[in-house]
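Data from input.cif: mmCIF, C-alpha atoms
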```
data_input
#
loop_
_atom_site.label_atom_id
_atom_site.label_comp_id
_atom_site.auth_asym_id
_atom_site.auth_seq_id
_atom_site.Cartn_x
_atom_site.Cartn_y
_atom_site.Cartn_z
CA MET W 1 -29.16 -82.31 -86.14
CA PRO W 2 -31.58 -82.10 -83.18
CA HIS W 3 -31.27 -79.15 -80.81
CA ARG W 4 -29.45 -79.95 -77.59
CA ARG W 5 -30.10 -77.84 -74.50
CA SER W 6 -26.94 -76.53 -72.82
CA ASN W 7 -26.58 -77.38 -69.13
CA PHE W 8 -23.83 -74.77 -68.58
CA PRO W 9 -25.94 -72.66 -66.14
CA LEU W 10 -26.72 -75.82 -64.18
CA MET W 11 -23.02 -76.60 -63.92
CA ILE W 12 -22.49 -73.12 -62.50
CA VAL W 13 -25.30 -73.35 -59.98
CA ALA W 14 -24.07 -76.75 -58.81
CA ALA W 15 -21.18 -74.87 -57.24
CA VAL W 16 -23.42 -73.02 -54.77
CA PHE W 17 -22.20 -70.08 -52.75
CA SER W 18 -21.59 -70.29 -49.02
CA GLY W 19 -20.26 -67.77 -46.55
CA ALA W 20 -16.81 -69.27 -47.05
CA GLY W 21 -16.91 -69.00 -50.83
CA MET W 22 -17.66 -71.39 -53.68
CA LEU W 23 -18.35 -75.04 -52.86
CA SER W 24 -17.12 -77.93 -54.95
CA PHE W 25 -19.59 -79.92 -57.04
CA SER W 26 -19.54 -82.84 -54.58
CA GLU W 27 -20.11 -80.53 -51.62
CA ALA W 28 -22.95 -78.85 -53.46
CA THR W 29 -24.59 -82.20 -54.15
CA ALA W 30 -24.52 -82.92 -50.42
CA GLN W 31 -26.43 -79.68 -49.82
CA GLU W 32 -29.32 -80.28 -52.19
CA SER W 33 -31.76 -79.21 -49.47
CA ARG W 34 -30.82 -75.68 -50.55
CA GLN W 35 -33.15 -74.81 -53.41
CA ILE W 36 -32.36 -72.97 -56.61
CA TYR W 37 -34.78 -70.48 -58.17
CA GLU W 38 -35.43 -69.19 -61.63
CA VAL W 39 -36.95 -65.72 -61.59
CA ARG W 40 -38.34 -65.24 -65.10
CA THR W 41 -39.73 -61.86 -66.12
CA TYR W 42 -41.88 -61.47 -69.23
CA LEU W 43 -41.42 -57.82 -70.23
CA LEU W 44 -44.66 -57.13 -72.08
CA GLY W 45 -43.71 -53.88 -73.82
CA GLU W 46 -46.24 -51.57 -75.43
CA ALA W 47 -47.78 -54.25 -77.68
CA GLY W 48 -47.59 -57.23 -75.31
CA ASP W 49 -50.47 -59.67 -75.03
CA GLU W 50 -50.76 -60.30 -71.30
CA ALA W 51 -53.74 -62.60 -71.74
CA ALA W 52 -51.76 -64.86 -74.11
CA VAL W 53 -48.84 -65.13 -71.68
CA ASP W 54 -51.28 -65.84 -68.84
CA GLY W 55 -52.92 -68.57 -70.88
CA TYR W 56 -49.58 -70.18 -71.68
CA LEU W 57 -48.43 -70.13 -68.07
CA ARG W 58 -51.76 -71.22 -66.60
CA ASP W 59 -52.68 -73.94 -69.10
CA ALA W 60 -49.31 -75.21 -70.37
CA LEU W 61 -46.22 -74.44 -68.30
CA LEU W 62 -47.48 -74.70 -64.71
CA PRO W 63 -49.41 -77.97 -65.26
CA THR W 64 -46.34 -79.52 -66.90
CA LEU W 65 -44.08 -78.46 -64.05
CA SER W 66 -46.62 -79.84 -61.57
CA ARG W 67 -46.59 -83.20 -63.34
CA VAL W 68 -42.84 -83.50 -62.67
CA GLY W 69 -43.09 -82.32 -59.06
CA VAL W 70 -41.92 -78.73 -59.45
CA GLY W 71 -43.66 -76.13 -57.33
CA PRO W 72 -45.14 -74.10 -55.89
CA VAL W 73 -44.68 -71.72 -58.83
CA GLY W 74 -45.47 -68.06 -58.27
CA VAL W 75 -46.84 -65.83 -61.05
CA PHE W 76 -47.26 -62.11 -60.49
CA GLY W 77 -48.16 -58.90 -62.31
CA ASN W 78 -47.74 -55.20 -61.55
CA ALA W 79 -49.67 -53.95 -58.52
CA PRO W 80 -51.44 -50.58 -58.73
CA ALA W 81 -48.65 -49.11 -56.56
CA ASP W 82 -45.96 -50.30 -59.00
CA GLU W 83 -44.77 -47.86 -61.64
CA SER W 84 -42.36 -50.14 -63.51
CA ALA W 85 -42.87 -51.34 -67.07
CA PRO W 86 -45.68 -53.91 -67.53
CA ARG W 87 -44.42 -57.37 -66.68
CA ILE W 88 -45.30 -60.88 -65.58
CA VAL W 89 -42.88 -62.34 -63.02
CA VAL W 90 -42.60 -66.12 -62.63
CA VAL W 91 -40.75 -67.72 -59.69
CA ILE W 92 -39.86 -71.40 -60.20
CA PRO W 93 -38.22 -73.30 -57.32
CA TYR W 94 -36.15 -76.42 -57.91
CA ASP W 95 -34.73 -78.85 -55.37
CA SER W 96 -31.54 -79.43 -57.36
CA PRO W 97 -29.84 -78.77 -60.70
CA ALA W 98 -30.84 -82.30 -61.72
CA GLN W 99 -34.51 -81.51 -61.14
CA MET W 100 -34.19 -78.31 -63.16
CA ALA W 101 -32.67 -80.22 -66.08
CA ALA W 102 -35.34 -82.93 -65.86
CA ALA W 103 -38.12 -80.33 -65.83
CA ALA W 104 -36.70 -78.63 -68.92
CA ALA W 105 -36.57 -81.98 -70.72
CA ALA W 106 -40.16 -82.73 -69.69
CA VAL W 107 -41.39 -79.42 -71.07
CA ASP W 108 -39.63 -80.14 -74.37
CA SER W 109 -41.13 -83.62 -74.74
CA ASP W 110 -44.56 -83.51 -73.05
CA PRO W 111 -47.38 -83.88 -75.62
CA GLU W 112 -49.93 -82.30 -73.26
CA TYR W 113 -47.67 -79.26 -72.94
CA ALA W 114 -47.22 -79.04 -76.71
CA LYS W 115 -50.98 -79.09 -77.28
CA ALA W 116 -51.75 -76.54 -74.55
CA ALA W 117 -48.94 -74.19 -75.67
CA GLU W 118 -49.61 -74.47 -79.40
CA GLY W 119 -51.40 -71.16 -79.94
CA TYR W 120 -48.85 -69.25 -77.89
CA LEU W 121 -45.81 -70.86 -79.51
CA ASP W 122 -47.19 -70.55 -83.04
CA ARG W 123 -47.17 -66.77 -82.91
CA GLY W 124 -44.59 -65.33 -85.30
CA PRO W 125 -42.15 -62.40 -85.14
CA LYS W 126 -44.81 -59.93 -86.26
CA ASP W 127 -47.17 -60.89 -83.44
CA PRO W 128 -45.07 -61.65 -80.32
CA PRO W 129 -46.93 -61.89 -76.99
CA TYR W 130 -44.12 -60.11 -75.13
CA GLU W 131 -41.14 -57.89 -75.82
CA ARG W 132 -38.50 -60.03 -74.09
CA ILE W 133 -37.90 -62.59 -71.35
CA ARG W 134 -35.36 -61.66 -68.68
CA SER W 135 -34.22 -64.43 -66.30
CA GLU W 136 -31.91 -64.92 -63.38
CA LEU W 137 -30.86 -68.06 -61.54
CA LEU W 138 -30.48 -67.93 -57.77
CA VAL W 139 -29.21 -70.16 -54.99
CA ALA W 140 -31.10 -70.03 -51.69
CA MET W 141 -29.36 -68.43 -48.74
CA ASP W 142 -28.47 -70.28 -45.55
CA CYS W 143 -31.04 -68.24 -43.59
CA MET W 144 -33.89 -69.61 -45.76
CA LYS W 145 -32.90 -72.67 -47.76
CA ARG W 146 -36.34 -73.34 -49.22
CA ALA W 147 -39.18 -71.19 -50.51
CA ALA W 148 -42.16 -71.08 -48.14
CA VAL W 149 -45.70 -69.78 -48.59
CA PRO W 150 -47.28 -69.04 -45.19
CA GLU W 151 -50.53 -70.81 -44.42
CA GLY W 152 -53.55 -68.81 -45.49
CA THR W 153 -51.64 -66.64 -47.97
CA LEU W 154 -53.51 -67.83 -51.07
CA GLU W 155 -56.88 -67.24 -49.43
CA ASN W 156 -56.19 -63.50 -48.97
CA ASP W 157 -57.20 -61.64 -52.13
CA ASP W 158 -55.83 -58.35 -50.76
CA ARG W 159 -52.24 -59.60 -50.39
CA VAL W 160 -49.39 -57.82 -52.13
CA TYR W 161 -45.81 -58.86 -52.82
CA GLU W 162 -42.54 -57.04 -53.18
CA LEU W 163 -39.64 -58.31 -55.28
CA ARG W 164 -36.32 -56.63 -54.56
CA VAL W 165 -32.98 -56.94 -56.36
CA TYR W 166 -29.91 -55.70 -54.47
CA GLU W 167 -26.85 -55.07 -56.62
CA SER W 168 -23.34 -54.82 -55.18
CA ALA W 169 -20.27 -53.12 -56.59
CA ASN W 170 -18.17 -56.31 -56.55
CA GLU W 171 -18.28 -59.95 -55.51
CA ARG W 172 -16.77 -59.37 -52.06
CA LEU W 173 -19.46 -56.82 -51.19
CA GLY W 174 -22.14 -59.05 -52.67
CA ASN W 175 -21.10 -61.94 -50.45
CA LEU W 176 -21.06 -59.61 -47.44
CA LYS W 177 -24.66 -58.54 -48.14
CA VAL W 178 -25.66 -62.21 -48.20
CA ASP W 179 -23.79 -62.66 -44.91
CA MET W 180 -25.78 -59.72 -43.52
CA PHE W 181 -29.04 -61.55 -44.28
CA ASN W 182 -27.67 -64.77 -42.81
CA SER W 183 -26.46 -62.95 -39.69
CA GLY W 184 -29.69 -61.37 -38.55
CA GLU W 185 -31.59 -59.34 -41.16
CA VAL W 186 -34.37 -61.91 -41.66
CA PRO W 187 -35.46 -62.05 -37.98
CA ILE W 188 -35.80 -58.27 -38.11
CA PHE W 189 -37.96 -58.66 -41.24
CA LEU W 190 -40.25 -61.08 -39.43
CA ASP W 191 -40.48 -58.88 -36.34
CA CYS W 192 -41.67 -55.99 -38.55
CA GLY W 193 -44.22 -57.95 -40.58
CA ILE W 194 -42.02 -58.47 -43.66
CA GLN W 195 -42.64 -62.13 -44.60
CA PRO W 196 -40.09 -63.67 -47.00
CA ILE W 197 -41.20 -66.21 -49.60
CA PHE W 198 -37.63 -66.84 -50.79
CA LEU W 199 -34.18 -65.24 -50.64
CA GLY W 200 -31.45 -66.10 -53.13
CA GLN W 201 -28.03 -65.05 -54.35
CA CYS W 202 -27.70 -64.66 -58.11
CA VAL W 203 -25.34 -67.07 -59.90
CA VAL W 204 -26.53 -66.39 -63.47
CA GLY W 205 -28.23 -63.16 -64.48
CA PRO W 206 -27.97 -59.67 -65.97
CA GLN W 207 -27.32 -57.75 -62.73
CA MET W 208 -24.51 -59.63 -61.01
CA PRO W 209 -23.28 -59.50 -58.34
CA SER W 210 -26.71 -59.34 -56.73
CA LEU W 211 -29.30 -61.02 -54.58
CA THR W 212 -33.06 -61.18 -55.01
CA TYR W 213 -35.87 -61.81 -52.56
CA LEU W 214 -39.68 -61.90 -52.54
CA THR W 215 -41.83 -60.85 -49.58
CA VAL W 216 -45.60 -60.86 -48.97
CA TYR W 217 -47.94 -58.60 -46.97
CA PRO W 218 -51.65 -58.79 -46.05
CA ASP W 219 -52.35 -55.61 -48.07
CA GLU W 220 -50.71 -52.46 -49.43
CA ALA W 221 -51.09 -50.52 -46.19
CA SER W 222 -49.37 -53.31 -44.27
CA ARG W 223 -46.45 -53.22 -46.70
CA GLY W 224 -45.83 -49.54 -46.01
CA GLU W 225 -46.16 -50.00 -42.26
CA ALA W 226 -43.79 -52.98 -42.25
CA TRP W 227 -40.99 -51.12 -44.02
CA LYS W 228 -41.47 -48.08 -41.78
CA ALA W 229 -41.09 -50.35 -38.74
CA PHE W 230 -38.01 -52.00 -40.26
CA ARG W 231 -36.17 -48.74 -40.85
CA SER W 232 -36.55 -47.73 -37.18
CA HIS W 233 -36.07 -51.19 -35.63
CA PRO W 234 -33.33 -51.06 -32.98
CA ASP W 235 -31.72 -54.30 -34.18
CA TRP W 236 -31.54 -52.94 -37.74
CA GLU W 237 -29.94 -49.74 -36.46
CA VAL W 238 -27.19 -51.88 -34.89
CA LEU W 239 -26.75 -54.29 -37.82
CA SER W 240 -26.76 -51.55 -40.46
CA LYS W 241 -23.95 -49.72 -38.65
CA GLU W 242 -21.65 -52.77 -38.58
CA PRO W 243 -18.49 -51.49 -40.33
CA LYS W 244 -17.93 -54.60 -42.44
CA TYR W 245 -21.36 -54.19 -44.08
CA ALA W 246 -20.77 -50.62 -45.21
CA GLY W 247 -21.39 -50.08 -48.92
CA THR W 248 -22.65 -53.60 -49.62
CA VAL W 249 -25.61 -52.40 -51.74
CA SER W 250 -25.00 -50.09 -54.70
CA ARG W 251 -28.49 -50.21 -56.28
CA ILE W 252 -31.97 -51.47 -55.38
CA ASP W 253 -34.69 -52.40 -57.88
CA LYS W 254 -38.12 -52.75 -56.27
CA PHE W 255 -41.29 -54.17 -57.83
CA VAL W 256 -44.67 -54.22 -56.08
CA LEU W 257 -46.69 -57.15 -57.37
CA THR W 258 -50.02 -58.92 -57.11
CA ALA W 259 -50.52 -62.65 -57.62
CA LYS W 260 -52.21 -63.99 -60.73
CA PRO W 261 -55.37 -66.00 -59.97
CA TYR W 262 -53.55 -69.24 -60.88
CA SER W 263 -50.38 -68.44 -58.91
CA GLN W 264 -49.28 -71.10 -56.44
CA MET W 265 -47.50 -68.54 -54.21
#
```

Encoded form (structure tokens):
Amino acid sequence: MPHRRSNFPLMIVAAVFSGAGMLSFSEATAQESRQIYEVRTYLLGEAGDEAAVDGYLRDALLPTLSRVGVGPVGVFGNAPADESAPRIVVVIPYDSPAQMAAAAAAVDSDPEYAKAAEGYLDRGPKDPPYERIRSELLVAMDCMKRAAVPEGTLENDDRVYELRVYESANERLGNLKVDMFNSGEVPIFLDCGIQPIFLGQCVVGPQMPSLTYLTVYPDEASRGEAWKAFRSHPDWEVLSKEPKYAGTVSRIDKFVLTAKPYSQM
């Protein structure tokens, strides 16, 4: 019997979150301008083959996604300032659950993909190119419904990125943290030089309830200066003291990243 891909995560993401709670499937369909994102992390481990994963992404996966209109796709590795385990982070934006399902089907059936990915996919259990893949599925927030790469970003070889995951103790607090972003946190980011690429609330993933966002900076020094400015910004001092937002974040994971040469973000 041929393998059939489960669309259960797509059924979940079709009921996108709003400030008022979960939307119905029909309401979600009407809001397809709000993107969904897969954030896929290849944890390389001690014996990982980063070059093999790069080759697969560069020569097989990204070209196939481009052929079906998916992009821009971001691919990132650890920056020198990042002390986390070696990883490759891939950010894939989709316009709708239907596009995500169509892209998955295209990857499964595309002969050009199969040829380009052959060496990578033929590696057996004694020679894996990575330790594990960790993924989460996000729905874009109202304050930024679509991923955006500022003009000139790809031309700056000194740019650095920061991926942050904010966990919350329960769903109510998680929704309140999203509301905090929607109610004024992003303009403060921009005023301080923190440029978002995307912001999304997790609907499928290992750290729920949570949200994840990616930001970009001209260089490492600018990243430090931007966050210093944010912490002392008068509007942040007001927003952060709003009683209803107290305790909305229970844990923060932060990854400082640099773009791969073939990254589209």

(request) Kindly resolve the PyMOL selection byres ((chain W and resi 198) around 9) on the present coordinates and return the residues as JSON, numbers by chain. (result) {"W": [37, 140, 141, 144, 145, 146, 147, 148, 149, 196, 197, 199, 200, 212, 213, 214, 215]}

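Residues captured in this structure file are Tyr42, Gly48, Asp49, Glu50, Ala51, Ala52, Asp54, Gly55, Tyr56, Leu57, Arg58, Ile88, Tyr120, Pro129 and Tyr130 of chain W, according to the PyMOL selection byres ((chain W and resi 53) around 9).
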
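Taking atom CA of Val204 of chain W as the reference point, atom CA of Leu137 of chain W is found at 5.0 Å.
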
(message) Here is a test: counting all atoms listed in the file, which residue of W:Thr64, W:Asn170, W:Asn156, W:Asn175 is nearest to Ala117 of chain W?
(response) W:Thr64

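Proximity ranking of W:Ser96, W:Gln207, W:Thr153, W:Asn182 relative to Ser33 of chain W places W:Ser96 first, based on all atoms listed in the file.
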
(message) My list of candidates is W:Val39, W:Ala85, W:Leu44, W:Leu190. Which is closest to Trp227 of chain W when distances are computed with only C-alpha atoms?
(response) W:Leu190

(request) Show which residues sit within 10 Å of Ala81 of chain W, as a list in words. Count only C-alpha atoms, and ignore same-chain residues fewer than 5 positions away. (result) Val160, Glu220, Phe255, Val256, Leu257 and Thr258 of chain W

Generate the coordinates of N, CA, C and O atoms for segment 60-75 of chain W; report them as a PDB file, in the frame of the given file.
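Output (result25.pdb):
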```pdb
ATOM      1  N   ALA W  60     -50.375 -74.384 -69.795  1.00  0.00           N
ATOM      2  CA  ALA W  60     -49.310 -75.210 -70.370  1.00  0.00           C
ATOM      3  C   ALA W  60     -48.129 -75.395 -69.420  1.00  0.00           C
ATOM      4  O   ALA W  60     -47.815 -76.509 -69.017  1.00  0.00           O
ATOM      5  N   LEU W  61     -47.463 -74.296 -69.050  1.00  0.00           N
ATOM      6  CA  LEU W  61     -46.220 -74.440 -68.300  1.00  0.00           C
ATOM      7  C   LEU W  61     -46.437 -74.935 -66.872  1.00  0.00           C
ATOM      8  O   LEU W  61     -45.806 -75.921 -66.451  1.00  0.00           O
ATOM      9  N   LEU W  62     -47.315 -74.293 -66.113  1.00  0.00           N
ATOM     10  CA  LEU W  62     -47.480 -74.700 -64.710  1.00  0.00           C
ATOM     11  C   LEU W  62     -48.001 -76.133 -64.569  1.00  0.00           C
ATOM     12  O   LEU W  62     -47.491 -76.890 -63.729  1.00  0.00           O
ATOM     13  N   PRO W  63     -48.989 -76.566 -65.376  1.00  0.00           N
ATOM     14  CA  PRO W  63     -49.410 -77.970 -65.260  1.00  0.00           C
ATOM     15  C   PRO W  63     -48.294 -78.960 -65.588  1.00  0.00           C
ATOM     16  O   PRO W  63     -48.191 -80.016 -64.957  1.00  0.00           O
ATOM     17  N   THR W  64     -47.452 -78.624 -66.571  1.00  0.00           N
ATOM     18  CA  THR W  64     -46.340 -79.520 -66.900  1.00  0.00           C
ATOM     19  C   THR W  64     -45.342 -79.592 -65.773  1.00  0.00           C
ATOM     20  O   THR W  64     -44.869 -80.683 -65.410  1.00  0.00           O
ATOM     21  N   LEU W  65     -45.001 -78.464 -65.191  1.00  0.00           N
ATOM     22  CA  LEU W  65     -44.080 -78.460 -64.050  1.00  0.00           C
ATOM     23  C   LEU W  65     -44.677 -79.238 -62.878  1.00  0.00           C
ATOM     24  O   LEU W  65     -43.964 -79.987 -62.188  1.00  0.00           O
ATOM     25  N   SER W  66     -45.969 -79.095 -62.658  1.00  0.00           N
ATOM     26  CA  SER W  66     -46.620 -79.840 -61.570  1.00  0.00           C
ATOM     27  C   SER W  66     -46.531 -81.341 -61.793  1.00  0.00           C
ATOM     28  O   SER W  66     -46.346 -82.112 -60.842  1.00  0.00           O
ATOM     29  N   ARG W  67     -46.641 -81.770 -63.041  1.00  0.00           N
ATOM     30  CA  ARG W  67     -46.590 -83.200 -63.340  1.00  0.00           C
ATOM     31  C   ARG W  67     -45.228 -83.812 -63.019  1.00  0.00           C
ATOM     32  O   ARG W  67     -45.124 -85.018 -62.800  1.00  0.00           O
ATOM     33  N   VAL W  68     -44.172 -82.980 -63.011  1.00  0.00           N
ATOM     34  CA  VAL W  68     -42.840 -83.500 -62.670  1.00  0.00           C
ATOM     35  C   VAL W  68     -42.404 -83.071 -61.278  1.00  0.00           C
ATOM     36  O   VAL W  68     -41.234 -83.155 -60.920  1.00  0.00           O
ATOM     37  N   GLY W  69     -43.367 -82.597 -60.461  1.00  0.00           N
ATOM     38  CA  GLY W  69     -43.090 -82.320 -59.060  1.00  0.00           C
ATOM     39  C   GLY W  69     -42.420 -80.998 -58.756  1.00  0.00           C
ATOM     40  O   GLY W  69     -41.821 -80.839 -57.687  1.00  0.00           O
ATOM     41  N   VAL W  70     -42.513 -80.048 -59.678  1.00  0.00           N
ATOM     42  CA  VAL W  70     -41.920 -78.730 -59.450  1.00  0.00           C
ATOM     43  C   VAL W  70     -42.997 -77.776 -58.963  1.00  0.00           C
ATOM     44  O   VAL W  70     -44.037 -77.630 -59.592  1.00  0.00           O
ATOM     45  N   GLY W  71     -42.726 -77.103 -57.852  1.00  0.00           N
ATOM     46  CA  GLY W  71     -43.660 -76.130 -57.330  1.00  0.00           C
ATOM     47  C   GLY W  71     -43.420 -75.880 -55.854  1.00  0.00           C
ATOM     48  O   GLY W  71     -42.558 -76.530 -55.254  1.00  0.00           O
ATOM     49  N   PRO W  72     -44.155 -74.960 -55.257  1.00  0.00           N
ATOM     50  CA  PRO W  72     -45.140 -74.100 -55.890  1.00  0.00           C
ATOM     51  C   PRO W  72     -44.499 -73.048 -56.785  1.00  0.00           C
ATOM     52  O   PRO W  72     -43.417 -72.545 -56.479  1.00  0.00           O
ATOM     53  N   VAL W  73     -45.163 -72.722 -57.882  1.00  0.00           N
ATOM     54  CA  VAL W  73     -44.680 -71.720 -58.830  1.00  0.00           C
ATOM     55  C   VAL W  73     -45.483 -70.444 -58.620  1.00  0.00           C
ATOM     56  O   VAL W  73     -46.718 -70.481 -58.619  1.00  0.00           O
ATOM     57  N   GLY W  74     -44.795 -69.335 -58.446  1.00  0.00           N
ATOM     58  CA  GLY W  74     -45.470 -68.060 -58.270  1.00  0.00           C
ATOM     59  C   GLY W  74     -45.538 -67.294 -59.583  1.00  0.00           C
ATOM     60  O   GLY W  74     -44.573 -67.288 -60.354  1.00  0.00           O
ATOM     61  N   VAL W  75     -46.674 -66.664 -59.847  1.00  0.00           N
ATOM     62  CA  VAL W  75     -46.840 -65.830 -61.050  1.00  0.00           C
ATOM     63  C   VAL W  75     -47.482 -64.516 -60.615  1.00  0.00           C
ATOM     64  O   VAL W  75     -48.535 -64.516 -59.966  1.00  0.00           O
TER      65      VAL W  75
END
```
